[in-house]
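Chemist: Take a look at the following structure, please.
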Amino acid sequence: MKEFFAGLLDWIYKKKCYFCKSSNESVKMCSKCYNSLEHLPVKINRIVLKKSVYCAGVYDKNLQKLIRGLKYHNQKELAVYLAKFMYEYWQKISDKNNFQVVPVPVYPKREKKRKYNHMNLVAEEFCKLSGSTLNKDLIKRIKDTKPQYKLKKHERAENLAGAFQIDTKNLLPMKILIIDDICTTGSTFEEMIKEFEKHDIFDITCFAATTPFEE
Ligand SMILES: [Zn+2]
């Protein structure tokens with residue numbers, strides 16, 4: 001029943017912008033709302049275990065809504081907008097397409113509940129735009145971690161310890177670009193890098209859509 005009403009609401013609002021609800025462009029994100037997203041300066045946002053972390057956009061209202069809609073509210077169609085926004089930033093960092101793009105994995109049970117891993121969708125679109133290669137089977141999440149935002153800094157590292165596992169047979173002979181939605185303390189990237197380094201994989205760059213901290 002709940003799904004029926006969700007479907008009905010979707011149908012009614014299909015032709016409206018998810019953000020301003022008022023555009024008549026018949027798209028999920030109208031050009032005015034998309035253009036309100038703002039890129040961060042083109043520079044390394046921080047260094048995690050000697051790897052560069054880039055963050056694409058200012059942590060503002062519409063970018064947060066875009067990520068939340070995609071992640072928690074079943075708004076799959078928003079993936080193209082987030083991928084486009086990240087790609088427009090990434091073009092200024094690198095014009096090469098010799099990357100294997102690795103989206104941060106979600107624990108299988110959680111992915112099933114959400115019906116999809118939103119970062120897989122974003123990575124897929126990002127690869128279409130950049131010509132890079134999607135590699136979503138390289139690393140798995142083997143631990144059902146708690147949401148990081150609920151935890152204190154020291155608890156975050158503990159929560160994520162041993163959360164990821166590489167399947168080396170899926171490794172491609174290319175540089176790795178890990179992509180995520182929000183980089184808060186950087187501990188997710190950190191834990192993934194540790195797992196890659198255990199397997200002697202060091203050529204890694206990290207890229208998040210946004211960060212609440214401009215460092
Ligand atoms: Zn709009």
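Ordering of the structure tokens sets the chain letters (A, B, ...), residue numbers begin anew at 1 in every chain, and ligands are numbered from 1 in the order given.
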Taking the backbone alone, and naming residues the way the document does, which bits of region 30-198 of chain A are alpha helix (DSSP H) by DSSP, as JSON, numbers by chain?
Modeler: {"A": [31, 32, 33, 34, 35, 61, 62, 63, 64, 65, 66, 67, 68, 69, 70, 71, 72, 79, 80, 81, 82, 83, 84, 85, 86, 87, 88, 89, 90, 108, 109, 110, 111, 112, 113, 114, 118, 119, 120, 121, 122, 123, 124, 125, 126, 127, 128, 129, 130, 153, 154, 155, 156, 157, 158, 159, 160, 187, 188, 189, 190, 191, 192, 193, 194, 195, 196, 197, 198]}
Chemist: Taking only C-alpha atoms and all ligand atoms into account, list the residues no farther than 9 Å from ligand 1, as a ChimeraX atom specification.
Modeler: /A:16-25,27-34
Chemist: Looking only at the backbone, which of the residues in region 19-151 of chain A does DSSP tag as strand (DSSP E or B), as JSON, numbers by chain?
Modeler: {"A": [39, 46, 47, 48, 51, 52, 53, 54, 55, 56, 57, 58, 99, 100, 101, 102, 103, 133, 134, 139, 140, 141]}
Chemist: Using Å and a single decimal, report how far CA of Ala79 (chain A) sits from CA of Asn117 (chain A).
Modeler: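 Separation of CA of Asn117 (chain A) and CA of Ala79 (chain A): 10.7 Å.
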Chemist: Per residue of region 27-59 of chain A within 10 Å of region 187-211 of chain A, what are the shortest atom pair and its distance in Å to one decimal, counting only C-alpha atoms, with rows by chain and residue number, as a Markdown table?
Modeler:
| residue | atom | partner | partner_atom | distance |
| --- | --- | --- | --- | --- |
| A:His39 | CA | A:Thr210 | CA | 9.0 |
| A:Leu40 | CA | A:Thr210 | CA | 8.5 |
| A:Ile44 | CA | A:Phe207 | CA | 9.6 |
| A:Asn45 | CA | A:Thr211 | CA | 8.9 |
| A:Arg46 | CA | A:Cys206 | CA | 9.7 |
| A:Ile47 | CA | A:Cys206 | CA | 9.3 |
| A:Val48 | CA | A:Glu190 | CA | 6.2 |
| A:Leu49 | CA | A:Glu190 | CA | 6.7 |
| A:Lys50 | CA | A:Ile204 | CA | 9.5 |
| A:Lys51 | CA | A:Thr205 | CA | 5.9 |
| A:Ser52 | CA | A:Thr205 | CA | 5.5 |
| A:Val53 | CA | A:Cys206 | CA | 4.6 |
| A:Tyr54 | CA | A:Phe207 | CA | 4.7 |
| A:Cys55 | CA | A:Ala208 | CA | 4.7 |
| A:Ala56 | CA | A:Ala209 | CA | 4.9 |
| A:Gly57 | CA | A:Thr210 | CA | 4.9 |
| A:Val58 | CA | A:Thr210 | CA | 6.2 |
| A:Tyr59 | CA | A:Thr210 | CA | 5.8 |
Chemist: Kindly indicate which residue among A:Gln75, A:Asn120, A:Ile139, A:Lys150 lies nearest to Gly7 (chain A), using only C-alpha atoms for the distances.
Modeler: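 Of all the options, A:Gln75 lies closest to Gly7 (chain A).
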Chemist: For Met86 (chain A), which residue out of A:Lys43, A:Thr145, A:Asp181, A:Lys65 is the nearest one, using only C-alpha atoms?
Modeler: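 The shortest atom-to-atom distance to Met86 (chain A) comes from A:Asp181.
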Chemist: Go through A:Ser130, A:Thr184, A:Asn62, A:Ser36 and flag the residue nearest Ser94 (chain A), using only C-alpha atoms for the distances.
Modeler: A:Ser130
Chemist: I need the residue nearest Asp60 (chain A) from this list: A:Glu155, A:Phe213, A:Gly186, A:Leu160. Use only C-alpha atoms for the distance.
Modeler: A:Phe213
Chemist: CA of Arg68 (chain A) and CA of Ala83 (chain A), how far apart in Å?
Modeler: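 Spanning CA of Ala83 (chain A) to CA of Arg68 (chain A) is a straight-line distance of 14.5 Å.
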